[in-house]
Structures are given as structure tokens and as C-alpha cells.
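Peer 1: This is model32.tsv, which holds TSV, C-alpha atoms:
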```tsv
chain	number	residue	atom	x	y	z
A	24	LYS	CA	-21.26	1.26	55.01
A	25	ALA	CA	-22.36	-1.73	52.94
A	26	ASP	CA	-23.00	-5.13	54.41
A	27	THR	CA	-20.78	-6.89	51.82
A	28	PRO	CA	-17.98	-5.81	49.45
A	29	GLU	CA	-20.08	-6.93	46.48
A	30	LEU	CA	-22.88	-4.52	47.44
A	31	ALA	CA	-20.40	-1.66	47.78
A	32	ASN	CA	-18.94	-2.44	44.36
A	33	ALA	CA	-22.37	-2.55	42.76
A	34	ARG	CA	-23.32	0.84	44.20
A	35	LEU	CA	-20.07	2.42	43.00
A	36	ILE	CA	-20.41	0.90	39.52
A	37	LYS	CA	-23.89	2.37	39.23
A	38	ARG	CA	-22.60	5.83	40.14
A	39	LEU	CA	-19.67	5.51	37.72
A	40	GLU	CA	-22.02	4.56	34.88
A	41	ILE	CA	-24.06	7.72	35.49
A	42	TYR	CA	-20.83	9.74	35.63
A	43	ALA	CA	-19.54	8.27	32.37
A	44	ASP	CA	-22.85	8.79	30.57
A	45	ASP	CA	-22.83	12.43	31.58
A	46	ARG	CA	-19.27	12.91	30.23
A	47	VAL	CA	-19.53	10.85	27.05
A	48	LYS	CA	-23.10	11.43	25.94
A	49	VAL	CA	-23.30	13.52	22.76
A	50	ASP	CA	-26.65	15.28	22.47
A	51	LEU	CA	-28.11	18.11	20.43
A	52	ALA	CA	-27.87	20.71	23.17
A	53	PRO	CA	-26.28	24.04	22.21
A	54	THR	CA	-23.41	23.50	24.64
A	55	ILE	CA	-20.46	21.37	23.58
A	56	SER	CA	-19.98	18.63	26.15
A	57	GLY	CA	-18.06	15.42	26.57
A	58	LEU	CA	-16.50	14.26	23.33
A	59	LYS	CA	-17.49	17.49	21.59
A	60	MET	CA	-15.51	19.57	24.09
A	61	LYS	CA	-12.48	17.32	23.67
A	62	GLU	CA	-12.71	17.41	19.87
A	63	TRP	CA	-13.20	21.16	19.75
A	64	ARG	CA	-10.24	21.72	22.06
A	65	ARG	CA	-8.09	19.60	19.76
A	66	VAL	CA	-9.21	21.67	16.77
A	67	ALA	CA	-8.51	24.95	18.59
A	68	ASN	CA	-5.07	23.74	19.69
A	69	GLY	CA	-4.33	22.72	16.11
A	70	TRP	CA	-5.16	26.20	14.90
A	71	LYS	CA	-3.05	27.79	17.60
A	72	LEU	CA	-0.06	25.55	16.89
A	73	ALA	CA	-0.17	26.24	13.15
A	74	ARG	CA	-0.48	29.99	13.61
A	75	GLU	CA	2.38	30.10	16.09
A	76	ARG	CA	4.68	27.98	13.94
A	77	ASN	CA	3.97	30.09	10.85
A	78	GLY	CA	4.44	33.38	12.67
A	79	ILE	CA	1.04	34.83	11.80
A	80	ILE	CA	-0.49	35.41	15.22
A	81	ASP	CA	-2.58	38.54	15.10
A	82	ARG	CA	-1.29	41.34	17.26
A	83	GLU	CA	-4.83	42.04	18.43
A	84	ALA	CA	-5.16	38.46	19.71
A	85	ALA	CA	-1.79	38.71	21.41
A	86	GLN	CA	-2.78	41.95	23.16
A	87	GLU	CA	-6.00	40.39	24.36
A	88	GLY	CA	-3.98	37.59	25.91
A	89	GLN	CA	-5.43	35.04	23.53
A	90	SER	CA	-8.58	35.10	25.64
A	91	SER	CA	-10.73	33.42	23.01
A	92	THR	CA	-9.94	30.26	21.09
A	93	SER	CA	-13.40	29.61	19.67
A	94	ASP	CA	-13.29	32.42	17.10
A	95	ALA	CA	-12.03	31.15	13.76
A	96	PRO	CA	-8.85	32.99	12.68
A	97	THR	CA	-9.21	35.38	9.77
A	98	ARG	CA	-5.74	34.84	8.35
A	99	GLN	CA	-5.09	31.97	5.98
A	100	VAL	CA	-2.68	29.32	7.14
A	101	GLY	CA	0.47	29.53	5.09
A	102	SER	CA	0.26	33.30	4.41
A	103	PRO	CA	3.49	35.37	4.66
A	104	ALA	CA	4.95	35.62	8.14
A	105	ILE	CA	4.96	38.96	9.98
A	106	ASN	CA	7.20	37.84	12.86
A	107	LYS	CA	10.77	38.62	11.84
A	108	GLY	CA	12.15	36.45	14.60
A	109	ARG	CA	10.73	33.28	13.09
A	110	SER	CA	11.83	31.35	10.05
A	111	ASN	CA	9.83	31.76	6.85
A	112	ARG	CA	10.47	28.15	5.82
A	113	PRO	CA	7.15	26.65	4.61
A	114	LEU	CA	5.79	23.76	6.64
A	115	SER	CA	3.88	20.71	5.45
A	116	ILE	CA	0.44	21.32	6.96
A	117	GLU	CA	-2.72	19.53	5.91
A	118	ILE	CA	-6.07	21.34	6.18
A	119	VAL	CA	-9.23	19.29	6.82
A	120	LYS	CA	-12.68	20.91	7.24
A	121	MET	CA	-15.29	19.37	9.50
A	122	THR	CA	-18.40	20.39	11.45
A	123	LEU	CA	-18.62	20.17	15.24
A	124	ALA	CA	-21.85	20.95	17.08
A	125	GLY	CA	-23.13	22.92	14.11
A	126	VAL	CA	-19.96	25.03	13.89
A	127	GLU	CA	-17.71	24.62	10.88
A	128	ALA	CA	-14.12	24.10	12.01
A	129	THR	CA	-10.81	23.36	10.38
A	130	ILE	CA	-8.31	20.83	11.66
A	131	VAL	CA	-4.69	21.70	11.00
A	132	SER	CA	-2.74	18.46	10.77
A	133	ASP	CA	1.03	18.81	11.06
A	134	ASP	CA	3.63	16.13	11.81
A	135	ALA	CA	2.85	16.11	15.55
A	136	THR	CA	-0.87	15.72	14.89
A	137	LYS	CA	-0.22	12.86	12.48
A	138	ASP	CA	1.82	11.09	15.16
A	139	ARG	CA	-1.10	11.40	17.58
A	140	LEU	CA	-3.51	10.09	14.97
A	141	ARG	CA	-1.19	7.13	14.36
A	142	GLU	CA	-1.14	6.33	18.09
A	143	ARG	CA	-4.92	6.51	18.27
A	144	LEU	CA	-5.28	4.22	15.27
A	145	LEU	CA	-2.92	1.64	16.76
A	146	SER	CA	-4.72	1.82	20.12
A	147	LEU	CA	-7.96	0.60	18.56
A	148	PRO	CA	-9.06	-3.00	19.14
A	149	VAL	CA	-7.85	-5.42	16.48
A	150	GLU	CA	-11.40	-6.04	15.23
A	151	ILE	CA	-12.08	-2.32	14.67
A	152	PHE	CA	-8.71	-1.78	12.99
A	153	GLY	CA	-9.43	-4.70	10.67
A	154	GLN	CA	-12.87	-3.28	9.88
A	155	ILE	CA	-11.31	0.06	8.93
A	156	CYS	CA	-8.74	-1.66	6.72
A	157	SER	CA	-11.49	-3.60	4.95
A	158	PHE	CA	-12.54	-0.35	3.25
A	159	LEU	CA	-9.06	0.12	1.70
A	160	ASP	CA	-8.05	-1.38	-1.62
A	161	ALA	CA	-4.89	-3.46	-1.92
A	162	LEU	CA	-2.75	-0.56	-3.11
A	163	GLU	CA	-3.78	1.59	-0.14
A	164	LEU	CA	-3.08	-1.34	2.19
A	165	ARG	CA	0.35	-1.62	0.62
A	166	HIS	CA	1.00	2.07	1.34
A	167	LEU	CA	-0.26	1.67	4.92
A	168	SER	CA	2.04	-1.30	5.53
A	169	LEU	CA	5.05	0.86	4.58
A	170	VAL	CA	4.31	3.58	7.14
A	171	ASP	CA	6.49	1.99	9.81
A	172	ALA	CA	7.51	-1.35	11.31
A	173	THR	CA	4.35	-1.60	13.43
A	174	PHE	CA	1.93	-1.40	10.52
A	175	TRP	CA	4.21	-3.69	8.51
A	176	SER	CA	4.17	-6.40	11.19
A	177	ILE	CA	0.37	-6.20	11.41
A	178	LEU	CA	-0.42	-6.27	7.70
A	179	VAL	CA	2.11	-8.88	6.57
A	180	SER	CA	1.01	-11.42	9.17
A	181	ALA	CA	-1.04	-14.44	8.12
A	182	LYS	CA	-4.02	-13.09	10.09
A	183	SER	CA	-4.32	-10.17	7.66
A	184	ASP	CA	-4.88	-12.35	4.58
A	185	ARG	CA	-8.64	-11.79	4.73
A	186	ILE	CA	-8.14	-8.01	4.66
A	187	TRP	CA	-5.82	-8.26	1.65
A	188	ARG	CA	-8.18	-10.54	-0.25
A	189	GLN	CA	-10.97	-8.04	0.29
A	190	GLY	CA	-8.68	-5.25	-0.86
A	191	PHE	CA	-7.89	-7.07	-4.11
A	192	LYS	CA	-11.59	-6.91	-5.01
A	193	LEU	CA	-11.68	-3.12	-4.49
A	194	VAL	CA	-8.91	-2.41	-6.99
A	195	VAL	CA	-10.10	-1.24	-10.42
A	196	PRO	CA	-10.04	-3.53	-12.31
A	197	PRO	CA	-10.24	-6.18	-9.54
A	198	VAL	CA	-7.03	-8.13	-9.02
A	199	PRO	CA	-7.30	-11.89	-9.76
A	200	GLU	CA	-7.84	-14.05	-6.72
A	201	CYS	CA	-4.72	-14.64	-4.65
A	202	PRO	CA	-3.32	-18.20	-5.05
A	203	GLU	CA	-3.74	-20.33	-1.94
A	204	THR	CA	-0.03	-21.19	-1.86
A	205	MET	CA	1.04	-17.52	-1.82
A	206	ALA	CA	0.87	-15.05	1.05
A	207	ALA	CA	-1.54	-12.20	0.31
A	208	SER	CA	1.02	-9.50	1.17
A	209	ASP	CA	3.57	-11.09	-1.19
A	210	TYR	CA	0.92	-11.33	-3.88
A	211	ALA	CA	0.11	-7.63	-3.46
A	212	ARG	CA	3.76	-6.74	-3.90
A	213	PHE	CA	4.06	-8.93	-6.98
A	214	MET	CA	0.94	-7.56	-8.66
A	215	LEU	CA	0.94	-3.91	-7.61
A	216	VAL	CA	4.60	-2.92	-7.27
A	217	GLU	CA	6.77	-2.60	-10.36
A	218	ALA	CA	9.97	-3.39	-8.52
A	219	CYS	CA	12.32	-6.30	-7.95
A	220	THR	CA	11.07	-8.96	-5.55
A	221	LYS	CA	14.38	-8.73	-3.69
A	222	ALA	CA	13.82	-4.99	-3.08
A	223	CYS	CA	16.78	-4.05	-5.26
A	224	PRO	CA	17.14	-0.36	-6.25
A	225	ALA	CA	16.59	-1.26	-9.91
A	226	LYS	CA	14.59	0.82	-12.37
A	227	PRO	CA	11.15	-0.61	-13.29
A	228	TRP	CA	12.10	-0.85	-16.97
A	229	SER	CA	15.02	-3.16	-16.07
A	230	VAL	CA	12.83	-5.61	-14.11
A	231	CYS	CA	11.69	-8.89	-15.67
A	232	THR	CA	8.40	-10.50	-14.58
A	233	GLU	CA	8.12	-14.29	-14.42
A	234	TYR	CA	4.43	-15.11	-14.07
A	235	PHE	CA	5.05	-18.84	-13.90
A	236	HIS	CA	7.48	-18.51	-10.98
A	237	ARG	CA	5.50	-15.56	-9.53
A	238	VAL	CA	8.59	-13.40	-9.10
A	239	ARG	CA	9.87	-10.13	-10.50
A	240	TYR	CA	13.66	-9.82	-10.75
A	241	CYS	CA	16.15	-7.29	-12.03
A	242	HIS	CA	18.93	-8.52	-14.32
A	243	LYS	CA	21.30	-8.99	-11.40
A	244	CYS	CA	18.84	-11.09	-9.39
A	245	ILE	CA	17.90	-13.14	-12.47
A	246	LYS	CA	21.48	-14.38	-12.77
A	247	VAL	CA	21.36	-15.56	-9.16
A	248	ASN	CA	17.82	-16.97	-8.83
A	249	ILE	CA	16.83	-18.11	-12.35
A	250	ILE	CA	19.09	-20.98	-13.44
A	251	SER	CA	19.58	-23.12	-16.53
A	252	GLN	CA	19.32	-26.89	-16.97
A	253	GLU	CA	23.11	-27.22	-17.02
A	254	MET	CA	23.38	-25.52	-13.64
A	255	ILE	CA	20.72	-27.86	-12.23
A	256	LEU	CA	22.62	-30.95	-13.38
A	257	GLU	CA	25.81	-29.58	-11.84
A	258	SER	CA	24.12	-29.09	-8.47
A	259	TYR	CA	21.86	-32.18	-8.58
A	260	PRO	CA	23.48	-34.75	-10.91
A	261	ASP	CA	21.07	-37.54	-9.89
A	262	PHE	CA	17.91	-35.46	-10.42
A	263	PRO	CA	15.81	-37.08	-13.21
A	264	LEU	CA	15.41	-34.88	-16.28
A	265	GLU	CA	11.76	-35.89	-16.69
A	266	PHE	CA	10.85	-33.59	-13.79
A	267	LEU	CA	12.33	-30.45	-15.30
A	268	LYS	CA	9.59	-29.92	-17.88
A	269	TYR	CA	7.15	-29.19	-15.05
A	270	LEU	CA	9.47	-26.68	-13.37
A	271	SER	CA	10.31	-24.54	-16.39
A	272	SER	CA	8.58	-21.29	-17.30
A	273	GLU	CA	7.93	-22.97	-20.67
A	274	ALA	CA	5.83	-25.72	-19.08
A	275	VAL	CA	2.56	-26.69	-20.73
A	276	ALA	CA	-0.65	-27.21	-18.74
A	277	SER	CA	-2.99	-30.15	-19.18
A	278	ASP	CA	-5.29	-28.04	-21.39
A	279	GLY	CA	-2.40	-27.00	-23.66
A	280	SER	CA	-1.99	-23.47	-22.29
A	281	SER	CA	1.45	-22.10	-21.53
A	282	LEU	CA	3.25	-19.00	-20.28
A	283	ALA	CA	6.22	-19.46	-22.61
A	284	GLY	CA	7.66	-16.11	-23.66
A	285	SER	CA	5.49	-14.13	-21.22
A	286	SER	CA	8.32	-12.58	-19.23
A	287	GLY	CA	8.28	-8.82	-19.13
A	288	GLY	CA	11.29	-6.53	-19.25
A	289	SER	CA	13.78	-5.32	-21.76
A	290	GLN	CA	14.96	-8.79	-22.73
A	291	GLU	CA	13.97	-12.42	-22.27
A	292	PRO	CA	15.85	-14.34	-19.56
A	293	LYS	CA	17.90	-17.26	-20.79
A	294	ARG	CA	17.55	-19.25	-17.57
A	295	LEU	CA	14.13	-20.79	-17.12
A	296	TYR	CA	14.18	-22.51	-13.71
A	297	HIS	CA	13.69	-20.97	-10.30
A	298	LYS	CA	16.49	-22.05	-8.00
A	299	VAL	CA	14.29	-22.23	-4.88
A	300	THR	CA	11.63	-24.32	-6.62
A	301	VAL	CA	14.19	-26.77	-8.01
A	302	ALA	CA	15.79	-27.20	-4.60
A	303	TYR	CA	12.39	-27.88	-3.01
A	304	ALA	CA	11.44	-30.37	-5.75
A	305	TYR	CA	14.75	-32.19	-5.31
A	306	SER	CA	14.33	-32.48	-1.52
A	307	LEU	CA	10.75	-33.67	-2.02
A	308	TRP	CA	11.92	-36.30	-4.52
A	309	LYS	CA	14.55	-37.54	-2.04
A	310	SER	CA	11.95	-37.76	0.72
A	311	LEU	CA	9.50	-39.68	-1.48
A	312	SER	CA	12.26	-42.04	-2.63
A	313	GLU	CA	13.04	-42.98	0.96
A	314	LYS	CA	9.39	-43.70	1.78
A	315	ALA	CA	8.32	-45.41	-1.47
A	316	ASP	CA	8.90	-49.12	-2.11
A	317	THR	CA	10.41	-48.54	-5.56
A	318	PRO	CA	12.01	-45.55	-7.36
A	319	GLU	CA	9.30	-45.74	-10.04
A	320	LEU	CA	6.60	-45.25	-7.42
A	321	ALA	CA	8.40	-42.23	-5.95
A	322	ASN	CA	8.78	-40.71	-9.41
A	323	ALA	CA	5.09	-41.25	-10.19
A	324	ARG	CA	4.01	-39.52	-6.98
A	325	LEU	CA	6.29	-36.56	-7.60
A	326	ILE	CA	5.13	-36.23	-11.22
A	327	GLU	CA	1.52	-36.12	-10.01
A	328	ARG	CA	2.35	-33.23	-7.70
A	329	LEU	CA	4.41	-31.43	-10.32
A	330	GLU	CA	1.59	-31.66	-12.87
A	331	LYS	CA	-0.77	-30.04	-10.41
A	332	TYR	CA	1.89	-27.42	-9.62
A	333	ALA	CA	2.38	-26.54	-13.29
A	334	ASP	CA	-1.38	-26.38	-14.02
A	335	ASP	CA	-2.00	-24.08	-11.06
A	336	HIS	CA	0.89	-21.73	-11.88
A	337	ILE	CA	0.05	-21.54	-15.60
A	338	LYS	CA	-3.68	-20.86	-15.15
A	339	SER	CA	-3.16	-18.27	-12.41
A	340	GLY	CA	-0.22	-16.79	-14.32
A	341	LEU	CA	-2.34	-16.21	-17.41
A	342	LYS	CA	-4.90	-14.33	-15.31
A	343	MET	CA	-2.15	-12.25	-13.69
A	344	LYS	CA	-0.64	-11.43	-17.07
A	345	GLU	CA	-3.99	-10.34	-18.51
A	346	TRP	CA	-4.75	-8.18	-15.46
A	347	ARG	CA	-1.35	-6.50	-15.66
A	348	ARG	CA	-1.93	-5.72	-19.32
A	349	ALA	CA	-5.37	-4.19	-18.64
A	350	ALA	CA	-4.05	-2.27	-15.62
A	351	SER	CA	-1.11	-0.92	-17.64
A	352	GLU	CA	-3.41	0.27	-20.41
A	353	ARG	CA	-5.72	1.91	-17.87
A	354	LYS	CA	-2.78	3.61	-16.14
A	355	TYR	CA	-1.38	4.85	-19.45
A	356	ALA	CA	-4.76	6.27	-20.50
A	357	ARG	CA	-5.21	8.00	-17.13
A	358	GLU	CA	-1.74	9.55	-17.24
A	359	TRP	CA	-2.28	10.66	-20.83
A	360	ASN	CA	-5.49	12.45	-19.85
A	361	ILE	CA	-3.76	14.12	-16.90
A	362	ARG	CA	-0.88	15.27	-19.11
A	363	SER	CA	-3.31	16.61	-21.71
A	364	ASP	CA	-5.32	18.53	-19.10
A	365	ARG	CA	-2.12	19.87	-17.55
A	366	GLU	CA	-0.77	21.04	-20.91
A	367	ALA	CA	-4.11	22.64	-21.82
A	368	ALA	CA	-4.30	24.50	-18.49
A	369	ILE	CA	-0.74	25.83	-18.82
A	370	SER	CA	-1.35	26.89	-22.42
A	371	ALA	CA	-4.57	28.67	-21.44
A	372	LYS	CA	-2.77	30.53	-18.64
A	373	LEU	CA	0.06	31.61	-20.95
A	374	LEU	CA	-2.45	32.91	-23.50
A	375	GLU	CA	-4.25	34.76	-20.72
A	376	LEU	CA	-0.98	36.43	-19.74
A	377	GLY	CA	-0.49	37.67	-23.31
A	378	TYR	CA	2.05	35.18	-24.66
A	379	GLN	CA	1.83	33.74	-28.17
A	380	GLU	CA	1.80	30.02	-28.94
A	381	ILE	CA	5.09	30.37	-30.80
A	382	ASP	CA	6.69	31.32	-27.47
A	383	PHE	CA	5.41	28.24	-25.61
A	384	PRO	CA	8.07	25.82	-24.30
A	385	ARG	CA	8.11	22.55	-26.23
A	386	GLN	CA	10.67	20.53	-24.29
A	387	CYS	CA	9.69	21.39	-20.74
A	388	TYR	CA	9.77	18.65	-18.09
A	389	GLU	CA	7.20	20.41	-15.89
A	390	LEU	CA	4.76	20.52	-18.78
A	391	TYR	CA	4.46	16.75	-19.20
A	392	LEU	CA	4.44	15.54	-15.60
A	393	PRO	CA	1.71	12.90	-15.00
A	394	GLY	CA	0.09	14.91	-12.23
A	395	PRO	CA	-2.65	17.55	-12.11
A	396	LEU	CA	-1.80	21.18	-11.40
A	397	THR	CA	-2.28	22.41	-7.84
A	398	ASN	CA	-4.23	25.53	-6.91
A	399	GLN	CA	-0.95	27.40	-6.47
```
Kindly transcribe the structure held in the file into C-alpha cells.
Peer 2:
Amino acid sequence: KADTPELANARLIKRLEIYADDRVKVDLAPTISGLKMKEWRRVANGWKLARERNGIIDREAAQEGQSSTSDAPTRQVGSPAINKGRSNRPLSIEIVKMTLAGVEATIVSDDATKDRLRERLLSLPVEIFGQICSFLDALELRHLSLVDATFWSILVSAKSDRIWRQGFKLVVPPVPECPETMAASDYARFMLVEACTKACPAKPWSVCTEYFHRVRYCHKCIKVNIISQEMILESYPDFPLEFLKYLSSEAVASDGSSLAGSSGGSQEPKRLYHKVTVAYAYSLWKSLSEKADTPELANARLIERLEKYADDHIKSGLKMKEWRRAASERKYAREWNIRSDREAAISAKLLELGYQEIDFPRQCYELYLPGPLTNQ
């Protein structure tokens, strides 16, 4: 009917805008429309799914043909099952209360619901996803990156460095600023995870931290990646010894500070040089020697870089070491308070039940767990 295709398109777009506004608009009317209807239906379906899977559907609701889904169920999710044909195995269901259109509702989040929430989160624009992540601290970002391969690929990319750096500031106490030469995701693993850098299944107490080299290795990985001066001379016999003092964990900065003897773990490592760093310094020295007019000039240029390298690693390493010490003390104090509250609550309950203190268990693993008691 229109004279031109452009005019027809404009008329249709105008009608579609009115249509979309009518469906999406959220107002204060008593009826639930648009997004409210969709959200309420999701809540009702969540309730129905949980009740069916737990075998606690009321017989009255079944006789009525489940005609109403807006009435909140009177039974508590997780109560004993009355359907003998269903399994009584408890399910992991998360209860979240919220208010929709003035009506208090409860969202039952099971594994299927969590999968849908994950899909919705990943379907958001990158800018909105990044804005959401900016409210998480570095430890929560670390947990999010381990959800699956998709979140891992997003959060370990170089584009996510800004999000990580913001997350470091939200940790209590704030994590020292990430070094420019280190990826933010690697820095988060080094500072927040008490595990081997190589992801070995080693116990935290058997892991040694090298703040100068910015690595954390178990005893097995130390033997492979932290080498001695003799091993360096065997691999690189022409490498000048004057460079090694800048590559060792016992190096001294220009202001006299040092990280000597700062390695954590059950014992001090005997090898003080990082194999990867030595290999890179050797290749850099070879490259400078080919470009420089004289060997002395090449050595001077490399020494200048190594001095800057040592100063940067020592100063940042001292900050990392101090933060780890403060964080460990804070964690120990928090766990001690939790254990004390847990022990006090158990003791109070036993006294309430009529037991005497002489009957209390003294060597009970459950008594000293670093976690608060649940309502159950």
C-alpha cells in the first residue's frame, strides 16, 4: 500500500515499537504483565519442579488438576516424601526469596535452573557481563573462572585484566597492585591459591613460595624448575657469572632490600635460579651480543635490564610477602572464631539435652571444623 519500501518499513517499525512497549513495560498495575508474567511463570514452574522431584505434591492439588499455580505451597521443600514410588534421595536445591508485583515468592534453583541462569549470563553483552564482574572481588572471580571452559576463556584473556585489577582492590585486605609484566589471572592464582603453580595435586603445606620468581612450587616441581649455579654452567658454559647475581632469589635491590630466605614451605629450596628466567636472560644476552659493537657493550646493556628486573621483583615481592602474612593472620583469626562459636553452640546443645561436660567428646573432628553450624 505504501509508495516506497522505506515508508512501509517505517510504518511497521512504529507498530512494532508500540507492540514491544506493551509487552515489556513494567508498571504498577495490579495485573502482572510482560516481564512480570514471565518471571512469575518461571517461579511457579520452579516450585512445581521441586515439589514433583521431591514427591511432596499435595493430593488435594492433584485432584484439582493442578488448576492453580499462583498459590504458594504450604509444604516445605525438602520435607519427607509421601510418594512411595519416588526415591527419597535428598536433592541439592537452593531457595531464594524475592518479591514480584507485591507478592512474596520463592525461587527454587536446582541444577537445571542453574544451567539456564548460566546460559542467560553468557548471553549478556560483553560490556554488561564485565560490569557485573566488576562487583566481584578477585577470589570470587577466581571461583567464577573455574565454573567451566567458557568462563575460563573469558576471564583469563588479556581483555579481562581491568576486571581483575578492580577485583584485587575489593579483597580484604586489598591485594598489592598486579605487576605490569604479569597477567592478572596468573597473579590472582599466585596470591590467592595455596597450590602449586603447575597445578600439581600437592598438599598446601608441601608447597614452597618464591616471591622473587613469583612462582609457587611443590618439592617435585622445585627440582625441575628451580636450578643451581652448577646446572646453569652445565647448560650455558659461556654465560657470564656476573649476570647470575641479578637472577637469584638472594638478589639485592638498589636500596639494599632483599627477599633472601623468604621462601615459604616446610624447607628452604637449595636451588635459587628459575630455569625459564635463566633461559630467557641467556637468549637476550646472545641477541644483544650480535647487535652490539663489542661484548662489553652487550654486557652493560643486559646488566642495566637485569638491575631493573631485580629491583622490580624484590620491591613487589616484599609487598606480596607482607600481604600474604597479613591475610594468613586474618584467615587464622577468622577460623579460630568460627571454631570457638561452633564448639560453644555444640556444648550448649549438649547441656540442653541433659549431658554433663565430662561426657563431651574431646577428640571429635566434627567439633573443630572451620565452618559454622547449619540450621539442621
Peer 1: One decimal, in Å: what's the spacing between CA of Ser251 (chain A) and CA of Leu295 (chain A)?
Peer 2: 6.0 Å
Peer 1: Looking at A:Lys243, A:Leu267, A:Glu40, A:Arg347, which one is nearest to Pro224 (chain A), with distances taken over all atoms listed in the file?
Peer 2: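 Going through A:Lys243, A:Leu267, A:Glu40, A:Arg347 one by one, the smallest distance to Pro224 (chain A) is for A:Lys243.
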Peer 1: Please report the interatomic distance between CA of Arg328 (chain A) and CA of Val198 (chain A) in Å with one decimal.
Peer 2: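 Rounded to one decimal, the two atoms are 26.8 Å apart.
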Peer 1: Got a sec: who's within 12 Å of region 381-391 of chain A, counting all atoms listed in the file, leaving out chain neighbours fewer than 5 positions off, as a count of residues only?
Peer 2: 19
Peer 1: Please provide the set of residues having any atom within 12 Å of Phe174 (chain A), restricted to all atoms listed in the file, with same-chain residues fewer than 4 positions apart removed, written as a PDB file with C-alpha atoms, keeping the file's coordinate frame.
Peer 2:
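Okay, this is what ended up in selection.pdb:
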```
ATOM      1  CA  ARG A 141      -1.190   7.130  14.360  1.00  0.00           C
ATOM      2  CA  GLU A 142      -1.140   6.330  18.090  1.00  0.00           C
ATOM      3  CA  LEU A 144      -5.280   4.220  15.270  1.00  0.00           C
ATOM      4  CA  LEU A 145      -2.920   1.640  16.760  1.00  0.00           C
ATOM      5  CA  PHE A 152      -8.710  -1.780  12.990  1.00  0.00           C
ATOM      6  CA  GLY A 153      -9.430  -4.700  10.670  1.00  0.00           C
ATOM      7  CA  CYS A 156      -8.740  -1.660   6.720  1.00  0.00           C
ATOM      8  CA  LEU A 164      -3.080  -1.340   2.190  1.00  0.00           C
ATOM      9  CA  ARG A 165       0.350  -1.620   0.620  1.00  0.00           C
ATOM     10  CA  HIS A 166       1.000   2.070   1.340  1.00  0.00           C
ATOM     11  CA  LEU A 167      -0.260   1.670   4.920  1.00  0.00           C
ATOM     12  CA  SER A 168       2.040  -1.300   5.530  1.00  0.00           C
ATOM     13  CA  LEU A 169       5.050   0.860   4.580  1.00  0.00           C
ATOM     14  CA  VAL A 170       4.310   3.580   7.140  1.00  0.00           C
ATOM     15  CA  LEU A 178      -0.420  -6.270   7.700  1.00  0.00           C
ATOM     16  CA  VAL A 179       2.110  -8.880   6.570  1.00  0.00           C
ATOM     17  CA  SER A 180       1.010 -11.420   9.170  1.00  0.00           C
ATOM     18  CA  SER A 183      -4.320 -10.170   7.660  1.00  0.00           C
TER      19      SER A 183
END
```
Peer 1: Would you list the contacts of Phe262 (chain A) as a VMD selection string, taking every protein, DNA or RNA residue within 9 Å and counting all atoms listed in the file, but skipping same-chain residues closer than 5 positions in sequence?
Peer 2: chain A and resid 255 to 256 267 305 308
